[in-house]
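Undergrad: Can you keep this structure in mind? I'll have questions shortly.
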Protein chains: 2
Amino acid sequence: MKATAIAPSNIAFIKYWGKKDEDKKIPDNNSISMNLSDLTTTTTVEFGSQYAEDSVVINDGIDDIQSRRVIKHLDLIRKKSGLKLRAKVVSINNFPDGTGLSSSASGFAALTLSATKAAGLNLDEKELSILARLGSGSACRSIPDGFVEWVGESAKSLYSPDYWNIVDVVSIVSSDKKEISSTDGQKFAKTSPFFQTRLNNINEKIAQFKKALKSKNFTEFGEIVESEALELHAIMLTSTPSLIYFQPETIMMMKWVKKWRNEGLEVYFTVNTGQDIHLIVEEKNREKLIKKLEEIKEIKKIIVNRPAVGARLVEQHLF
Amino acid sequence: MKATAIAPSNIAFIKYWGKKDEDKKIPDNNSISMNLSDLTTTTTVEFGSQYAEDSVVINDGIDDIQSRRVIKHLDLIRKKSGLKLRAKVVSINNFPDGTGLSSSASGFAALTLSATKAAGLNLDEKELSILARLGSGSACRSIPDGFVEWVGESAKSLYSPDYWNIVDVVSIVSSDKKEISSTDGQKFAKTSPFFQTRLNNINEKIAQFKKALKSKNFTEFGEIVESEALELHAIMLTSTPSLIYFQPETIMMMKWVKKWRNEGLEVYFTVNTGQDIHLIVEEKNREKLIKKLEEIKEIKKIIVNRPAVGARLVEQHLF
């Protein structure tokens, strides 16, 4: 009744922002992401009669808000499995949480896989994705492998990790926590005067993006990725209340990327709701990009990611 | 055949971005602004047979691109007046140009008034506003007094400067020149997927804004001003090519404003295409705001503006 899973964080190229159904976390639009090799959460869950109540330790700490979300998720799994036992959950991220690095995506994917296994359930990929989604929307994209599309209730793999040799270099420019969590922020999506226009256009954008992905046209791919990120922030900026998730350093990095591209280094940015910025290059330009990043003093840390497999079980437990 | 005029820059509360007619500078939407007491251009124009060709000196320097725009404007005025003589033009801004402080607005308003007077024309306010617009769109708003609305071909005063005791504190955080001028930038307005939605909604926004202005409801006024500025940047960010006019320090200041407002200081921001940010407060909060600004080391200069009269002739010539 004990299992351990590791799951990757993922970067959305087509973003998820706004829910059709708040409780069930059904998104307003489909999204497309890539799993990240070097941003992972490892989680061990054990159900047992020795536990009088659920306990949750994340990154060696206890956080009431996070614990409540995890226990709510365990309740779902208990309901599904018929199990009544309490559980001990230990989880470790290999990156700082609350900085827009989507720890909730990798976290709920790893929790879903480890807890269902520990509870004796053997769910298939689709069932795991659906369940992960109920914990945190974008977690459903961290279940399948490689390049992933989330449609409605669950996500599935479009291409395996070895399909395309591209690199996502995460530059962390601030480790401040977000002022408004993305869960709260996206409740305001519909207040933007532009949100409906975005929804009206998104299927065409997704079709173009899939075409670029299919033909491995990096220029077209990158241009869509970058304009999609800016569109997300345009929606946030024009919501009521206005959501300024940009940090000063985010703008600095966006300007660097444009400058480097003008100088011939083909790199594109994407940015979620946090203080990190993701720089996408082809493998052949990775070293050149990293050299440039190392010269920027505002960058606290860089993390080099390649396309990765989704959540999987591992042998070694955390306790 | 010599005249001197002084004209204020203006800050748009409802922004001008996008032209219905590129050549004639007819805007896609109406805009509303306030003239700024402490950001001015003074211009002396003399027509005379002693001048073999037009000469233009701005801020003690000669700039070919600026000179060509000025000479093109002099040609319009020569055509209107029947005058064939060349002119000497000397112009001085009391603030750095090219940093989004709308030197073209005050510049073309001062040029229009001084040059038409020197050419012997006695144009009324509407004619001056139309002519100034042909030099630089937003210059038409620097002709009438106080709070000004630009509708189609020309601008007119809504309220005199003494109507409302509000203050615009300009914080200059960077003196870098813009990478893309606003004249060039707004050619891309229509490429934003959100531009048409903005135009569909703008008349309702203007009506609400005028209501807030009429009732001197500072909270409603400020909320519209701020969301309008963010909407402008949402359009810019989602244009093709994307226009990132924000500077890192712009984001920093926007976050400060939100923080101060949460702490009880009622201040709102607006920002154009430059590196400056305009902070709007009621007179009673001016000192408190300035004290806070003086503690921020990134601010290079602050300029305190009150509502001001429009372009007017002065006696003292620059040469």
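Each chain in the structure tokens gets a letter, A, B and so on, in the order shown; residues start at 1 in every chain, and ligands are counted from 1 in the order they appear.
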Would you kindly return, as a PyMOL selection string, each protein, DNA or RNA residue with an atom no farther than 12 Å from any atom of Thr240 in chain A, considering only C-alpha atoms and excluding same-chain residues fewer than 2 positions away?
TA: (chain A and resi 185-195+235-238+242-244) or (chain B and resi 223-224+226-228+230-231)
Undergrad: Restricting the output to N, CA, C and O atoms, write the selected residues as a CSV table (one decimal), in the first residue's frame.
TA:
chain,number,residue,atom,x,y,z
A,185,GLY,N,-6.1,33.8,-10.2
A,185,GLY,CA,-6.0,34.7,-11.3
A,185,GLY,C,-7.0,34.4,-12.4
A,185,GLY,O,-7.6,35.2,-13.0
A,186,GLN,N,-7.0,33.1,-12.8
A,186,GLN,CA,-7.8,32.7,-14.0
A,186,GLN,C,-9.3,32.8,-13.8
A,186,GLN,O,-10.0,32.7,-14.7
A,187,LYS,N,-9.7,32.9,-12.5
A,187,LYS,CA,-11.1,33.2,-12.3
A,187,LYS,C,-11.6,34.5,-13.0
A,187,LYS,O,-12.7,34.7,-13.2
A,188,PHE,N,-10.6,35.4,-13.1
A,188,PHE,CA,-10.9,36.7,-13.7
A,188,PHE,C,-10.8,36.8,-15.2
A,188,PHE,O,-11.0,37.8,-15.8
A,189,ALA,N,-10.4,35.6,-15.8
A,189,ALA,CA,-10.2,35.6,-17.3
A,189,ALA,C,-11.3,36.2,-18.0
A,189,ALA,O,-11.1,37.0,-18.9
A,190,LYS,N,-12.5,35.8,-17.7
A,190,LYS,CA,-13.7,36.3,-18.4
A,190,LYS,C,-14.0,37.8,-18.3
A,190,LYS,O,-14.8,38.3,-19.1
A,191,THR,N,-13.3,38.4,-17.3
A,191,THR,CA,-13.6,39.9,-17.2
A,191,THR,C,-12.8,40.7,-18.2
A,191,THR,O,-13.0,41.9,-18.4
A,192,SER,N,-11.8,40.0,-18.9
A,192,SER,CA,-11.1,40.7,-19.9
A,192,SER,C,-12.0,41.0,-21.1
A,192,SER,O,-12.6,40.0,-21.6
A,193,PRO,N,-12.0,42.2,-21.7
A,193,PRO,CA,-12.8,42.4,-22.9
A,193,PRO,C,-12.3,41.6,-24.1
A,193,PRO,O,-13.0,41.5,-25.1
A,194,PHE,N,-11.1,41.1,-24.0
A,194,PHE,CA,-10.5,40.3,-25.1
A,194,PHE,C,-10.6,38.8,-25.0
A,194,PHE,O,-10.2,38.1,-25.9
A,195,PHE,N,-11.2,38.3,-23.9
A,195,PHE,CA,-11.1,36.9,-23.6
A,195,PHE,C,-12.0,36.1,-24.7
A,195,PHE,O,-11.5,35.1,-25.2
A,235,ILE,N,-4.5,39.3,-21.9
A,235,ILE,CA,-5.7,38.9,-21.2
A,235,ILE,C,-5.6,39.2,-19.7
A,235,ILE,O,-6.5,39.8,-19.1
A,236,MET,N,-4.5,38.9,-19.1
A,236,MET,CA,-4.3,39.1,-17.7
A,236,MET,C,-4.3,40.7,-17.4
A,236,MET,O,-4.9,41.1,-16.4
A,237,LEU,N,-3.6,41.4,-18.2
A,237,LEU,CA,-3.4,42.8,-17.9
A,237,LEU,C,-4.8,43.5,-18.0
A,237,LEU,O,-5.0,44.6,-17.4
A,238,THR,N,-5.7,43.0,-18.9
A,238,THR,CA,-6.9,43.7,-19.1
A,238,THR,C,-8.1,43.0,-18.3
A,238,THR,O,-9.2,43.4,-18.6
A,242,SER,N,-6.8,44.1,-12.7
A,242,SER,CA,-5.7,43.8,-13.6
A,242,SER,C,-4.7,42.9,-13.0
A,242,SER,O,-4.3,43.1,-11.8
A,243,LEU,N,-4.1,42.0,-13.7
A,243,LEU,CA,-3.2,41.0,-13.2
A,243,LEU,C,-1.8,41.3,-13.8
A,243,LEU,O,-1.6,41.0,-15.0
A,244,ILE,N,-0.9,41.8,-13.1
A,244,ILE,CA,0.4,42.2,-13.6
A,244,ILE,C,1.4,41.1,-13.1
A,244,ILE,O,2.0,41.2,-12.0
B,223,GLU,N,-9.7,54.4,-12.2
B,223,GLU,CA,-9.8,53.0,-12.6
B,223,GLU,C,-9.9,52.9,-14.1
B,223,GLU,O,-9.3,52.0,-14.7
B,224,ILE,N,-10.7,53.8,-14.8
B,224,ILE,CA,-10.7,53.8,-16.2
B,224,ILE,C,-9.4,54.2,-16.8
B,224,ILE,O,-8.9,53.5,-17.8
B,226,GLU,N,-6.4,53.7,-15.7
B,226,GLU,CA,-5.4,52.7,-15.5
B,226,GLU,C,-5.8,51.5,-16.4
B,226,GLU,O,-4.9,50.9,-17.1
B,227,SER,N,-7.0,51.1,-16.5
B,227,SER,CA,-7.4,49.9,-17.3
B,227,SER,C,-7.2,50.3,-18.8
B,227,SER,O,-6.8,49.5,-19.6
B,228,GLU,N,-7.4,51.6,-19.2
B,228,GLU,CA,-7.2,52.0,-20.6
B,228,GLU,C,-5.7,51.9,-20.9
B,228,GLU,O,-5.4,51.5,-22.0
B,230,LEU,N,-3.5,49.9,-19.7
B,230,LEU,CA,-3.2,48.5,-19.8
B,230,LEU,C,-3.7,47.9,-21.1
B,230,LEU,O,-3.1,47.0,-21.7
B,231,GLU,N,-4.9,48.4,-21.5
B,231,GLU,CA,-5.5,47.9,-22.7
B,231,GLU,C,-4.6,48.3,-23.9
B,231,GLU,O,-4.4,47.5,-24.8
Undergrad: Quick one: residues within 8 Å of Glu153 in chain A, only C-alpha atoms, excluding same-chain residues fewer than 2 positions away - as a PDB file with C-alpha atoms, in the first residue's frame?
TA:
ATOM      1  CA  ILE A  26     -12.773  21.877 -17.584  1.00  0.00           C
ATOM      2  CA  ILE A 130      -8.614  12.958 -15.720  1.00  0.00           C
ATOM      3  CA  ARG A 133      -6.802  17.383 -13.685  1.00  0.00           C
ATOM      4  CA  TRP A 150      -5.173  18.637 -23.345  1.00  0.00           C
ATOM      5  CA  VAL A 151      -8.687  18.420 -24.774  1.00  0.00           C
ATOM      6  CA  ALA A 155      -4.598  15.046 -22.084  1.00  0.00           C
TER       7      ALA A 155
END
Undergrad: Ranking B:Met254, B:Leu289, B:Leu279, B:Ala7 by minimum distance to chain A and counting only C-alpha atoms, which one comes first?
TA: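 Ranking B:Met254, B:Leu289, B:Leu279, B:Ala7 by distance to chain A, first place goes to B:Met254.
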Undergrad: Would you list the contacts of Glu266 in chain B as a list in words, taking every protein, DNA or RNA residue within 9 Å and counting only C-alpha atoms, but skipping same-chain residues closer than 4 positions in sequence?
TA: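 With the cut-off at 9 Å, the set is Phe218, Thr219, Gly222, Val257, Trp260, Arg261, Asn262, Ile280, Val281, Glu282 and Asn285 of chain B.
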Undergrad: Let's have the selection written as a PDB file, in the first residue's frame, with N, CA, C and O atoms.
TA:
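result37.pdb was written with the following content:
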ATOM      1  N   PHE B 218     -13.129  60.631  -8.568  1.00  0.00           N
ATOM      2  CA  PHE B 218     -11.717  60.320  -8.809  1.00  0.00           C
ATOM      3  C   PHE B 218     -11.452  58.813  -8.887  1.00  0.00           C
ATOM      4  O   PHE B 218     -10.625  58.363  -9.676  1.00  0.00           O
ATOM      5  N   THR B 219     -12.168  58.030  -8.097  1.00  0.00           N
ATOM      6  CA  THR B 219     -11.964  56.582  -8.109  1.00  0.00           C
ATOM      7  C   THR B 219     -12.357  55.990  -9.458  1.00  0.00           C
ATOM      8  O   THR B 219     -11.588  55.238 -10.078  1.00  0.00           O
ATOM      9  N   GLY B 222      -9.917  57.213 -12.117  1.00  0.00           N
ATOM     10  CA  GLY B 222      -8.616  56.544 -12.049  1.00  0.00           C
ATOM     11  C   GLY B 222      -8.660  55.104 -12.539  1.00  0.00           C
ATOM     12  O   GLY B 222      -7.739  54.640 -13.218  1.00  0.00           O
ATOM     13  N   VAL B 257       2.533  51.325  -7.535  1.00  0.00           N
ATOM     14  CA  VAL B 257       1.247  52.051  -7.506  1.00  0.00           C
ATOM     15  C   VAL B 257       0.162  51.172  -6.884  1.00  0.00           C
ATOM     16  O   VAL B 257      -0.610  51.620  -6.019  1.00  0.00           O
ATOM     17  N   TRP B 260       0.816  50.953  -3.128  1.00  0.00           N
ATOM     18  CA  TRP B 260       0.452  52.180  -2.408  1.00  0.00           C
ATOM     19  C   TRP B 260      -1.063  52.319  -2.303  1.00  0.00           C
ATOM     20  O   TRP B 260      -1.597  52.769  -1.299  1.00  0.00           O
ATOM     21  N   ARG B 261      -1.749  51.938  -3.378  1.00  0.00           N
ATOM     22  CA  ARG B 261      -3.210  52.047  -3.357  1.00  0.00           C
ATOM     23  C   ARG B 261      -3.787  51.090  -2.316  1.00  0.00           C
ATOM     24  O   ARG B 261      -4.702  51.453  -1.575  1.00  0.00           O
ATOM     25  N   ASN B 262      -3.230  49.889  -2.252  1.00  0.00           N
ATOM     26  CA  ASN B 262      -3.675  48.943  -1.210  1.00  0.00           C
ATOM     27  C   ASN B 262      -3.438  49.496   0.181  1.00  0.00           C
ATOM     28  O   ASN B 262      -4.168  49.178   1.125  1.00  0.00           O
ATOM     29  N   ILE B 280      -1.309  59.703 -11.315  1.00  0.00           N
ATOM     30  CA  ILE B 280      -2.364  60.707 -11.154  1.00  0.00           C
ATOM     31  C   ILE B 280      -2.887  60.655  -9.719  1.00  0.00           C
ATOM     32  O   ILE B 280      -3.306  59.592  -9.252  1.00  0.00           O
ATOM     33  N   VAL B 281      -2.862  61.808  -9.056  1.00  0.00           N
ATOM     34  CA  VAL B 281      -3.417  61.922  -7.700  1.00  0.00           C
ATOM     35  C   VAL B 281      -4.230  63.202  -7.579  1.00  0.00           C
ATOM     36  O   VAL B 281      -4.086  64.119  -8.383  1.00  0.00           O
ATOM     37  N   GLU B 282      -5.047  63.238  -6.551  1.00  0.00           N
ATOM     38  CA  GLU B 282      -5.683  64.508  -6.204  1.00  0.00           C
ATOM     39  C   GLU B 282      -4.646  65.372  -5.493  1.00  0.00           C
ATOM     40  O   GLU B 282      -3.718  64.867  -4.866  1.00  0.00           O
ATOM     41  N   ASN B 285      -3.139  64.630  -2.110  1.00  0.00           N
ATOM     42  CA  ASN B 285      -2.224  63.498  -1.934  1.00  0.00           C
ATOM     43  C   ASN B 285      -0.877  63.689  -2.628  1.00  0.00           C
ATOM     44  O   ASN B 285      -0.045  62.787  -2.619  1.00  0.00           O
TER      45      ASN B 285
END
Undergrad: Find the spatial neighbours of Lys15 in chain A, counting only C-alpha atoms, within a cut-off of 8 Å - ignore same-chain residues fewer than 2 positions away - and output them as a compact mmCIF listing (two decimals) with all heavy atoms, in the first residue's frame.
TA:
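After the write, part_28.txt holds the following:
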# COMPACT_ATOMS: atom_id res chain seq x y z
N ALA A 12 3.49 25.09 -21.23
CA ALA A 12 2.43 25.18 -22.24
C ALA A 12 2.87 26.12 -23.36
O ALA A 12 3.28 27.25 -23.10
CB ALA A 12 1.15 25.70 -21.60
N PHE A 13 2.79 25.62 -24.58
CA PHE A 13 3.04 26.48 -25.76
C PHE A 13 1.75 27.18 -26.15
O PHE A 13 1.75 28.32 -26.57
CB PHE A 13 3.58 25.63 -26.91
CG PHE A 13 4.90 24.96 -26.60
CD1 PHE A 13 5.10 23.61 -26.84
CD2 PHE A 13 5.94 25.70 -26.06
CE1 PHE A 13 6.32 23.01 -26.56
CE2 PHE A 13 7.17 25.10 -25.78
CZ PHE A 13 7.36 23.76 -26.03
N TRP A 17 -6.01 29.08 -19.79
CA TRP A 17 -6.36 30.21 -18.95
C TRP A 17 -7.86 30.44 -19.04
O TRP A 17 -8.35 30.89 -20.07
CB TRP A 17 -5.59 31.48 -19.38
CG TRP A 17 -5.64 32.58 -18.35
CD1 TRP A 17 -6.30 33.79 -18.46
CD2 TRP A 17 -4.98 32.60 -17.07
NE1 TRP A 17 -6.11 34.53 -17.33
CE2 TRP A 17 -5.30 33.85 -16.45
CE3 TRP A 17 -4.18 31.70 -16.38
CZ2 TRP A 17 -4.83 34.19 -15.19
CZ3 TRP A 17 -3.70 32.06 -15.13
CH2 TRP A 17 -4.03 33.28 -14.56
N SER A 31 -5.16 23.06 -24.85
CA SER A 31 -3.81 23.59 -24.70
C SER A 31 -2.80 22.53 -25.10
O SER A 31 -3.13 21.34 -25.15
CB SER A 31 -3.58 24.06 -23.26
OG SER A 31 -3.85 23.03 -22.34
N ILE A 32 -1.59 22.97 -25.41
CA ILE A 32 -0.53 22.05 -25.86
C ILE A 32 0.75 22.36 -25.10
O ILE A 32 1.13 23.53 -24.95
CB ILE A 32 -0.29 22.18 -27.38
CG1 ILE A 32 -1.58 21.82 -28.14
CG2 ILE A 32 0.87 21.28 -27.83
CD1 ILE A 32 -1.47 21.95 -29.65
N GLU A 228 1.56 33.70 -28.40
CA GLU A 228 0.59 33.12 -27.48
C GLU A 228 0.88 33.56 -26.04
O GLU A 228 -0.03 33.90 -25.27
CB GLU A 228 0.61 31.59 -27.60
CG GLU A 228 -0.09 30.82 -26.49
CD GLU A 228 -1.60 31.01 -26.44
OE1 GLU A 228 -2.15 31.77 -27.24
OE2 GLU A 228 -2.23 30.39 -25.56
N ALA A 229 2.16 33.59 -25.66
CA ALA A 229 2.51 34.02 -24.31
C ALA A 229 2.11 35.48 -24.10
O ALA A 229 1.58 35.85 -23.04
CB ALA A 229 4.01 33.84 -24.07
N LEU A 232 -1.61 35.76 -23.66
CA LEU A 232 -2.01 35.39 -22.29
C LEU A 232 -1.86 36.60 -21.36
O LEU A 232 -2.76 36.93 -20.58
CB LEU A 232 -1.14 34.23 -21.79
CG LEU A 232 -1.35 33.81 -20.33
CD1 LEU A 232 -2.63 33.00 -20.18
CD2 LEU A 232 -0.16 33.00 -19.80
Undergrad: Enumerate as a PyMOL selection string all residues of range 110-317 of chain A assigned to alpha helix (DSSP H) by DSSP on the backbone, naming them with the chain letters and numbers the document uses.
TA: chain A and resi 110-118+125-135+182-185+195-214+218-237+248-262+286-294
Undergrad: If we count only C-alpha atoms, what is near Ala308 in chain B at a cut-off of 7 Å, once residues fewer than 3 positions away on the same chain are taken out, given as JSON, numbers by chain?
TA: {"B": [35, 36, 37, 145, 146, 161]}
Undergrad: Counting only C-alpha atoms, figure out which residue out of B:Val148, B:Met253, B:Ala52, B:Leu113 gets nearest to Ile172 in chain B.
TA: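 Among B:Val148, B:Met253, B:Ala52, B:Leu113, it is B:Met253 that comes nearest to Ile172 in chain B.
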Undergrad: Name the residues in contact with range 136-142 of chain A at a cut-off of 6 Å, using only C-alpha atoms, excluding same-chain residues fewer than 3 positions from it; report them as an MDAnalysis selection string.
TA: chainID A and resid 8 25 105 108:109 129 132:133 155 310
Undergrad: Put those residues in a file: C-alpha atoms, as a PDB file, in the first residue's frame.
TA:
ATOM      1  CA  PRO A   8       7.651  16.318 -14.838  1.00  0.00           C
ATOM      2  CA  LYS A  25     -11.560  22.212 -14.010  1.00  0.00           C
ATOM      3  CA  ALA A 105       1.337  20.342 -12.396  1.00  0.00           C
ATOM      4  CA  PHE A 108      -0.594  16.550  -8.714  1.00  0.00           C
ATOM      5  CA  ALA A 109       0.585  14.266 -11.515  1.00  0.00           C
ATOM      6  CA  SER A 129      -4.972  12.335 -16.604  1.00  0.00           C
ATOM      7  CA  ALA A 132      -4.782  14.599 -12.048  1.00  0.00           C
ATOM      8  CA  ARG A 133      -6.802  17.383 -13.685  1.00  0.00           C
ATOM      9  CA  ALA A 155      -4.598  15.046 -22.084  1.00  0.00           C
ATOM     10  CA  GLY A 310       5.279  11.807 -18.312  1.00  0.00           C
TER      11      GLY A 310
END
